Amino acid sequence: MTAELRTEGVAKAFGGVQALDGCTLTVPAGSITGLIGPNGSGKTTLFNVVTGYERPDAGQVYLGGQRITGASAQRVFALGLGRTFQLTRIFPRLTLVENLLVATGRSKAAGLTRARELLEFTGIAQHASELAGTLSYGQRKLLELATVLAAEPAVILLDEPAGGVNPTLIQHLAARIRDLNSQGTTFLIVEHNMEFVLGLCHQVAVLDYGTVVVAGPPEQVASDPRVLDAYLGAAPGEEQDGE
Amino acid sequence: MTPSAVRQGADRAVRSRRGRPGWPGWSGLPARPLVIAAGVLAVVAAAVLFPVAFPSPVATTYGFDTLIFVACASAWNLFSGYSGYLSLGHAVFFGSGVYAVAVGAQDWHLTGTAVFGLLPLAAAVGGGIAIPLGLVALRVRRHTFVVITIAFFFIFQLMAFNFAFTGGTSGLVAPILNWSGATYNNPFYYAALLLAAVTVAVSWLIRRSRFGLHLRAIRDDEDRARGLGVPALRVKLAAFVLSGAITGLAGGLWYYFIGAAAPQSAFDALFDLSLALMAFFGGLGTVAGPVLGALVLEPSQQWLTARFTSNYLSEILLGALFLVVIIFMPRGVLPTASERLARWRAAWRRRGDPGAEPRP
């Protein structure tokens with residue numbers, strides 16, 4: 001299952017701050033697309049608008065050719081668009097298995113089988129019956145990914161999957177993303193770890209002041225003067241962009 | 001660790017308990033079905049035999065009150081404990097059940113055991129009122145929800161004081177049953193026992209169902225649950241209505257036992273607090289927690305009130321007991337106890353098996 005994700009001229013303002021300003025982005029079906037940009041450039045807002053957590057002020061969002069602008073988070077997920085969060089969100093007082101079962105729409109037996117496969121796929125099956133709140137930060141990221149995978153979405157949005165995760169786990173995560181992508185899942189990944197982005201993505205888009213300033217193959221983007229100016233050259237900030 | 005090593009480790013963990021292949025316990029706690037079944041059987045047997053062992057009306061009255069609270073605290077917990085939406089307005093459902101039976105018996109001139117036929121009406125009224133209240137209150141998040149349920153409570157109590165059909169301040173009196181005084185309480189006791197048992201069973205079924213999983217996911221992170229396809233409002237409302245229906249039914253039964261409906265006893269703020277305290281005491285969101293809370297707190301309160309006729313002392317002692325539990329077992333008696341037990345067992349197993357891998 002795969003699908004193209006596309007935004008056209010999406011705008012979103014919070015009070016006087018124009019978080020997204022005519023943002024047009026195409027994530028080709030079957031691609032791994034990276035989305036980079038300085039803190040506050042609107043990456044997370046774009047995720048929220050696309051996945052139904054925020055309504056855009058203007059513009060359209062299409063998933064596999066179908067218009068999903070303004071649909072509820074519940075509906076967007078049902079249509080095959082899953083996401084993870086920058087500040088990892090799991091159900092801490094449910095076990096790992098139960099976390100996955102929330103997202104599976106199947107019978108308990110089929111759901112358990114699927115949950116077990118996914119926990120093994122992400123490499124956290126040894127904690128299957130523990131409460132998710134006892135996991136380390138990196139393991140939580142893996143659990144969150146596994147939860148999203150439980151519903152077999154066509155497109156997955158990952159918000160800083162490598163943030164605060166140790167290098168071994170980052171490689172493990174990248175390998176899992178490649179596995180899934182080879183089976184057809186489309187990815188849009190927000191990430192500050194440039195090594196991770198450049199090594200993994202087929203295409204990279206750069207967001208600045210709420211609009212895509214450049215998009216193309218990773219090596220081309222990495223050497224683009226506008227990118228160096230807007231992002232790579234900018235002083236690294238500690239602040240995360242708005243959730 | 002290579003991926004294959006991870007996978008092997010996973011398989012080992014999955015096959016661990018008693019060497020049986022399969023999936024580890026659904027609840028996250030080690031499954032001890034035999035121990036639990038034996039415990040449940042013992043409690044049920046004790047409850048069934050209680051009126052035989054203690055036939056005095058005083059004892060069976062204590063028993064009846066306690067069972068009503070077992071049912072109501074479990075009903076409260078299957079909504080508030082599982083979903084995390086703490087209701088301090090469940091007396092609305094209880095009182096509505098009380099008045100549904102009271103008004104029905106009076107207007108339809110029912111007497112004797114025919115009045116028991118009105119109990120389904122009490123459940124329907126309790127559940128029916130929960131629908132509009134839930135549609136309003138469940139749109140807001142936790143803290144605001146608590147405040148709104150308290151407001152509902154006062155609105156309903158005021159209505160009971162002021163409407164003509166509720167009998168106003170003087171309330172309504174139930175038709176008298178011509179049962180023998182010595183065993184008068186027994187039918188009530190067993191009806192309450194049945195209600196309590198069914199409620200606990202329903203709570204247990206919900207706890208292990210998909211519905212219950214959705215409620216607990218909402219408790220942990222409602223937005224995330226919605227984002228994973230959980231129809232949050234529908235799930236919360238269904239639990240709220242079920243909880244209201246059971247509480248209404250309990251109110252109807254209680255009315256006929258007490259023999260009168262009055263605004264301040266049918267809609268009692270202390271009732272709201274008691275349900276929450278019982279669930280917190282035993283363990284919020286667990287099946288057995290509210291049962292334990294009701295079994296301990298309701299008889300203690302009754303006994304203390306009878307023993308120290310100045311009401312204050314009994315309330316101070318109860319408050320002190322509650323403080324002790326909150327300080328030493330902040331999550332309730334049962335979760336803390338089961339955690340301690342698990343830790344002791346792990347320590348004991350480690351001593352017995354020096355080769356065991358330490359937990360990372």
# chains A, B, ... in the order shown; residues from 1 in each chain; ligands from 1
call {"tool": "interface_residues", "arguments": {"of": "chain A", "to": "chain B", "cutoff": "9 Å", "atoms": "only C-alpha atoms", "output": "ChimeraX atom specification"}}
result
/A:51-53,72-78,82-83,89-99,101-105,107-108,112,116,119-121,123-131,147-148,151,172
call {"tool": "write_last_selection", "arguments": {"atoms": "N, CA and C atoms", "output": "compact mmCIF listing (two decimals), in the first residue's frame"}}
result
# COMPACT_ATOMS: atom_id res chain seq x y z
N THR A 51 -2.14 16.06 9.42
CA THR A 51 -2.72 14.91 10.11
C THR A 51 -4.01 15.23 10.85
N GLY A 52 -4.55 16.43 10.66
CA GLY A 52 -5.86 16.74 11.23
C GLY A 52 -5.83 17.23 12.67
N TYR A 53 -4.65 17.52 13.22
CA TYR A 53 -4.59 18.06 14.57
C TYR A 53 -4.80 19.58 14.58
N SER A 72 -10.72 15.19 10.50
CA SER A 72 -10.29 14.97 11.89
C SER A 72 -9.11 14.01 11.92
N ALA A 73 -8.36 14.07 13.04
CA ALA A 73 -7.19 13.21 13.20
C ALA A 73 -7.58 11.74 13.06
N GLN A 74 -8.75 11.42 13.62
CA GLN A 74 -9.26 10.05 13.57
C GLN A 74 -9.47 9.60 12.12
N ARG A 75 -10.05 10.50 11.33
CA ARG A 75 -10.38 10.20 9.93
C ARG A 75 -9.10 10.08 9.10
N VAL A 76 -8.17 11.02 9.31
CA VAL A 76 -6.93 11.01 8.55
C VAL A 76 -6.18 9.70 8.78
N PHE A 77 -6.19 9.27 10.03
CA PHE A 77 -5.51 8.01 10.35
C PHE A 77 -6.19 6.84 9.65
N ALA A 78 -7.52 6.85 9.63
CA ALA A 78 -8.27 5.77 8.99
C ALA A 78 -8.01 5.74 7.49
N GLY A 82 -0.33 7.84 9.03
CA GLY A 82 0.05 7.72 10.45
C GLY A 82 1.18 8.68 10.78
N ARG A 83 1.32 9.01 12.06
CA ARG A 83 2.41 9.93 12.43
C ARG A 83 2.96 9.60 13.81
N ARG A 89 4.80 10.30 22.03
CA ARG A 89 3.54 10.07 22.73
C ARG A 89 3.18 8.59 22.67
N ILE A 90 3.18 7.99 23.86
CA ILE A 90 2.78 6.59 24.00
C ILE A 90 1.73 6.56 25.11
N PHE A 91 1.17 5.38 25.38
CA PHE A 91 0.24 5.24 26.51
C PHE A 91 1.03 4.61 27.65
N PRO A 92 1.53 5.44 28.60
CA PRO A 92 2.51 4.92 29.58
C PRO A 92 1.95 3.85 30.51
N ARG A 93 0.65 3.87 30.79
CA ARG A 93 0.11 2.87 31.73
C ARG A 93 -0.55 1.70 31.03
N LEU A 94 -0.29 1.55 29.75
CA LEU A 94 -0.68 0.33 29.05
C LEU A 94 0.60 -0.45 28.75
N THR A 95 0.48 -1.76 28.62
CA THR A 95 1.66 -2.54 28.25
C THR A 95 1.98 -2.26 26.78
N LEU A 96 3.14 -2.71 26.36
CA LEU A 96 3.54 -2.48 24.96
C LEU A 96 2.52 -3.10 24.01
N VAL A 97 2.12 -4.33 24.33
CA VAL A 97 1.15 -5.02 23.47
C VAL A 97 -0.14 -4.21 23.41
N GLU A 98 -0.59 -3.74 24.56
CA GLU A 98 -1.84 -2.97 24.60
C GLU A 98 -1.72 -1.68 23.80
N ASN A 99 -0.53 -1.04 23.88
CA ASN A 99 -0.30 0.15 23.08
C ASN A 99 -0.58 -0.13 21.61
N LEU A 101 -2.37 -2.62 20.39
CA LEU A 101 -3.74 -3.07 20.16
C LEU A 101 -4.71 -1.88 20.02
N VAL A 102 -4.34 -0.73 20.62
CA VAL A 102 -5.20 0.45 20.46
C VAL A 102 -5.33 0.79 18.98
N ALA A 103 -4.24 0.61 18.26
CA ALA A 103 -4.24 1.04 16.85
C ALA A 103 -4.72 -0.03 15.88
N THR A 104 -4.75 -1.29 16.31
CA THR A 104 -5.20 -2.32 15.37
C THR A 104 -6.72 -2.39 15.39
N GLY A 105 -7.31 -2.40 14.25
CA GLY A 105 -8.77 -2.43 14.19
C GLY A 105 -9.31 -3.84 14.08
N SER A 107 -9.73 -8.19 15.31
CA SER A 107 -10.07 -9.04 16.44
C SER A 107 -8.84 -9.15 17.34
N LYS A 108 -9.07 -9.53 18.61
CA LYS A 108 -7.98 -9.57 19.57
C LYS A 108 -6.89 -10.55 19.13
N LEU A 112 -3.17 -9.42 18.34
CA LEU A 112 -2.04 -9.90 19.15
C LEU A 112 -0.93 -10.42 18.25
N ARG A 116 2.74 -8.73 18.06
CA ARG A 116 3.95 -9.48 18.32
C ARG A 116 4.95 -9.32 17.17
N LEU A 119 6.48 -5.80 17.40
CA LEU A 119 7.42 -5.62 18.50
C LEU A 119 8.73 -6.32 18.17
N GLU A 120 8.65 -7.43 17.48
CA GLU A 120 9.88 -8.10 17.07
C GLU A 120 10.57 -7.33 15.96
N PHE A 121 9.78 -6.79 15.06
CA PHE A 121 10.32 -6.00 13.96
C PHE A 121 11.10 -4.79 14.50
N GLY A 123 12.25 -4.57 17.53
CA GLY A 123 13.28 -5.03 18.45
C GLY A 123 12.99 -4.73 19.92
N ILE A 124 11.73 -4.59 20.32
CA ILE A 124 11.43 -4.35 21.73
C ILE A 124 10.49 -5.43 22.28
N ALA A 125 10.47 -6.59 21.61
CA ALA A 125 9.53 -7.64 22.01
C ALA A 125 9.81 -8.20 23.40
N GLN A 126 11.04 -8.06 23.87
CA GLN A 126 11.34 -8.60 25.20
C GLN A 126 10.62 -7.84 26.30
N HIS A 127 10.11 -6.65 25.98
CA HIS A 127 9.38 -5.86 26.99
C HIS A 127 7.87 -5.93 26.76
N ALA A 128 7.42 -6.86 25.91
CA ALA A 128 6.03 -6.89 25.44
C ALA A 128 4.98 -6.68 26.53
N SER A 129 5.17 -7.33 27.68
CA SER A 129 4.10 -7.25 28.69
C SER A 129 4.44 -6.28 29.80
N GLU A 130 5.44 -5.43 29.58
CA GLU A 130 5.74 -4.40 30.58
C GLU A 130 4.95 -3.14 30.26
N LEU A 131 4.82 -2.27 31.25
CA LEU A 131 4.13 -1.01 31.01
C LEU A 131 5.04 -0.11 30.17
N THR A 147 3.46 1.38 16.96
CA THR A 147 2.03 1.66 17.12
C THR A 147 1.43 2.20 15.83
N VAL A 148 2.17 3.12 15.21
CA VAL A 148 1.69 3.68 13.95
C VAL A 148 1.62 2.59 12.89
N ALA A 151 -1.53 -0.09 12.17
CA ALA A 151 -2.68 0.10 11.29
C ALA A 151 -2.29 0.05 9.82
N HIS A 172 19.49 1.26 13.77
CA HIS A 172 18.42 0.27 13.81
C HIS A 172 17.13 0.86 13.22
call {"tool": "residues_around", "arguments": {"residues": "range 185-196 of chain A", "least_positions_apart": "3", "cutoff": "9 Å", "atoms": "only C-alpha atoms", "output": "ChimeraX atom specification"}}
result
/A:1-5,27-38,43-44,86,152-163,170-171,174,177,180-182,199-201
call {"tool": "write_last_selection", "arguments": {"atoms": "C-alpha atoms", "output": "compact mmCIF listing (two decimals), in the first residue's frame"}}
result
# COMPACT_ATOMS: atom_id res chain seq x y z
CA MET A 1 0.00 0.00 0.00
CA THR A 2 1.39 3.38 -0.91
CA ALA A 3 0.17 6.85 -1.71
CA GLU A 4 1.32 10.32 -2.60
CA LEU A 5 1.00 13.12 -0.05
CA VAL A 27 5.91 13.62 -1.13
CA PRO A 28 6.04 11.15 -4.03
CA ALA A 29 4.43 7.75 -3.48
CA GLY A 30 7.00 5.21 -2.30
CA SER A 31 9.61 7.82 -1.40
CA ILE A 32 11.43 8.70 1.78
CA THR A 33 11.24 12.47 1.86
CA GLY A 34 13.14 14.53 4.39
CA LEU A 35 11.86 17.84 5.69
CA ILE A 36 14.45 20.11 7.23
CA GLY A 37 14.47 23.72 8.28
CA PRO A 38 15.46 25.94 11.19
CA LYS A 43 7.70 21.74 10.26
CA THR A 44 5.64 20.49 13.17
CA GLN A 86 8.41 15.13 18.32
CA GLU A 152 -0.54 -0.40 8.16
CA PRO A 153 -0.69 3.21 6.95
CA ALA A 154 0.30 4.06 3.36
CA VAL A 155 2.13 7.20 4.44
CA ILE A 156 4.00 7.75 7.71
CA LEU A 157 5.11 11.10 9.09
CA LEU A 158 7.98 10.92 11.56
CA ASP A 159 8.70 13.99 13.70
CA GLU A 160 12.37 13.90 14.76
CA PRO A 161 12.67 10.11 15.03
CA ALA A 162 16.40 10.31 15.81
CA GLY A 163 16.24 13.15 18.36
CA ILE A 170 19.43 5.40 15.11
CA GLN A 171 20.94 2.87 12.71
CA ALA A 174 17.01 3.75 9.75
CA ILE A 177 12.46 2.61 7.79
CA LEU A 180 9.19 -0.62 5.32
CA ASN A 181 9.91 1.68 2.42
CA SER A 182 11.04 -1.25 0.27
CA GLY A 199 21.79 8.92 4.29
CA LEU A 200 18.16 7.86 4.26
CA CYS A 201 16.11 10.21 2.12
call {"tool": "atom_distance", "arguments": {"atom1": "CA of Pro57 in chain B", "atom2": "CA of Leu292 in chain B"}}
result
23.2 Å
call {"tool": "select_by_dssp", "arguments": {"residues": "range 93-247 of chain B", "states": "alpha helix (DSSP H)", "output": "JSON, numbers by chain"}}
result
{"B": [93, 94, 95, 96, 97, 98, 99, 100, 101, 102, 103, 104, 105, 106, 107, 119, 120, 121, 122, 123, 124, 125, 126, 127, 128, 129, 130, 131, 132, 133, 134, 135, 136, 137, 142, 143, 144, 145, 146, 147, 148, 149, 150, 151, 152, 153, 154, 155, 156, 157, 158, 159, 160, 161, 162, 185, 186, 187, 188, 189, 190, 191, 192, 193, 194, 195, 196, 197, 198, 199, 200, 201, 202, 203, 204, 205, 206, 207, 210, 211, 212, 213, 214, 215, 216, 217, 218, 219, 220, 222, 223, 224, 225, 226, 227, 232, 233, 234, 235, 236, 237, 238, 239, 240, 241, 242, 243, 244, 245, 246, 247]}
call {"tool": "residues_around", "arguments": {"residues": "Leu121 in chain B", "least_positions_apart": "6", "cutoff": "9 Å", "atoms": "only C-alpha atoms", "output": "number ranges by chain"}}
result
B: 97, 100-101, 104, 248-249, 252
call {"tool": "select_by_dssp", "arguments": {"residues": "range 108-295 of chain B", "states": "strand (DSSP E)", "output": "list in words"}}
result
Leu172, Val173, Ala260 and Ala261 of chain B
call {"tool": "residues_around", "arguments": {"residues": "Ala250 in chain B", "least_positions_apart": "2", "cutoff": "12 Å", "atoms": "only C-alpha atoms", "output": "MDAnalysis selection string"}}
result
chainID B and resid 64:76 90:91 93:101 116 118:126 188:189 191:196 198:199 243:248 252:257 266
call {"tool": "residues_around", "arguments": {"residues": "range 217-225 of chain A", "least_positions_apart": "4", "cutoff": "7 Å", "atoms": "only C-alpha atoms", "output": "ChimeraX atom specification"}}
result
/A:198,201-204,229
call {"tool": "write_last_selection", "arguments": {"atoms": "N, CA and C atoms", "output": "tab-separated table (two decimals), in the first residue's frame"}}
result
chain	number	residue	atom	x	y	z
A	198	LEU	N	20.44	12.76	5.18
A	198	LEU	CA	21.12	12.63	3.89
A	198	LEU	C	21.34	11.16	3.54
A	201	CYS	N	17.19	9.65	2.94
A	201	CYS	CA	16.11	10.21	2.12
A	201	CYS	C	16.43	10.22	0.62
A	202	HIS	N	15.39	10.01	-0.18
A	202	HIS	CA	15.52	10.11	-1.62
A	202	HIS	C	15.41	11.57	-2.05
A	203	GLN	N	14.70	12.33	-1.27
A	203	GLN	CA	14.41	13.71	-1.61
A	203	GLN	C	14.36	14.51	-0.32
A	204	VAL	N	14.84	15.73	-0.36
A	204	VAL	CA	14.81	16.57	0.84
A	204	VAL	C	14.17	17.91	0.48
A	229	ASP	N	22.40	29.11	3.89
A	229	ASP	CA	22.04	30.36	4.54
A	229	ASP	C	20.92	30.15	5.56
call {"tool": "atom_distance", "arguments": {"atom1": "CA of Gly63 in chain B", "atom2": "CA of Phe50 in chain B"}}
result
8.0 Å
call {"tool": "atom_distance", "arguments": {"atom1": "CA of Ile36 in chain B", "atom2": "CA of Ser203 in chain B"}}
result
15.5 Å
call {"tool": "residues_around", "arguments": {"residues": "range 164-169 of chain B", "least_positions_apart": "2", "cutoff": "7 Å", "atoms": "only C-alpha atoms", "output": "list in words"}}
result
Tyr99, Ala160, Phe161, Asn162, Gly171, Leu172, Ala262 and Pro263 of chain B
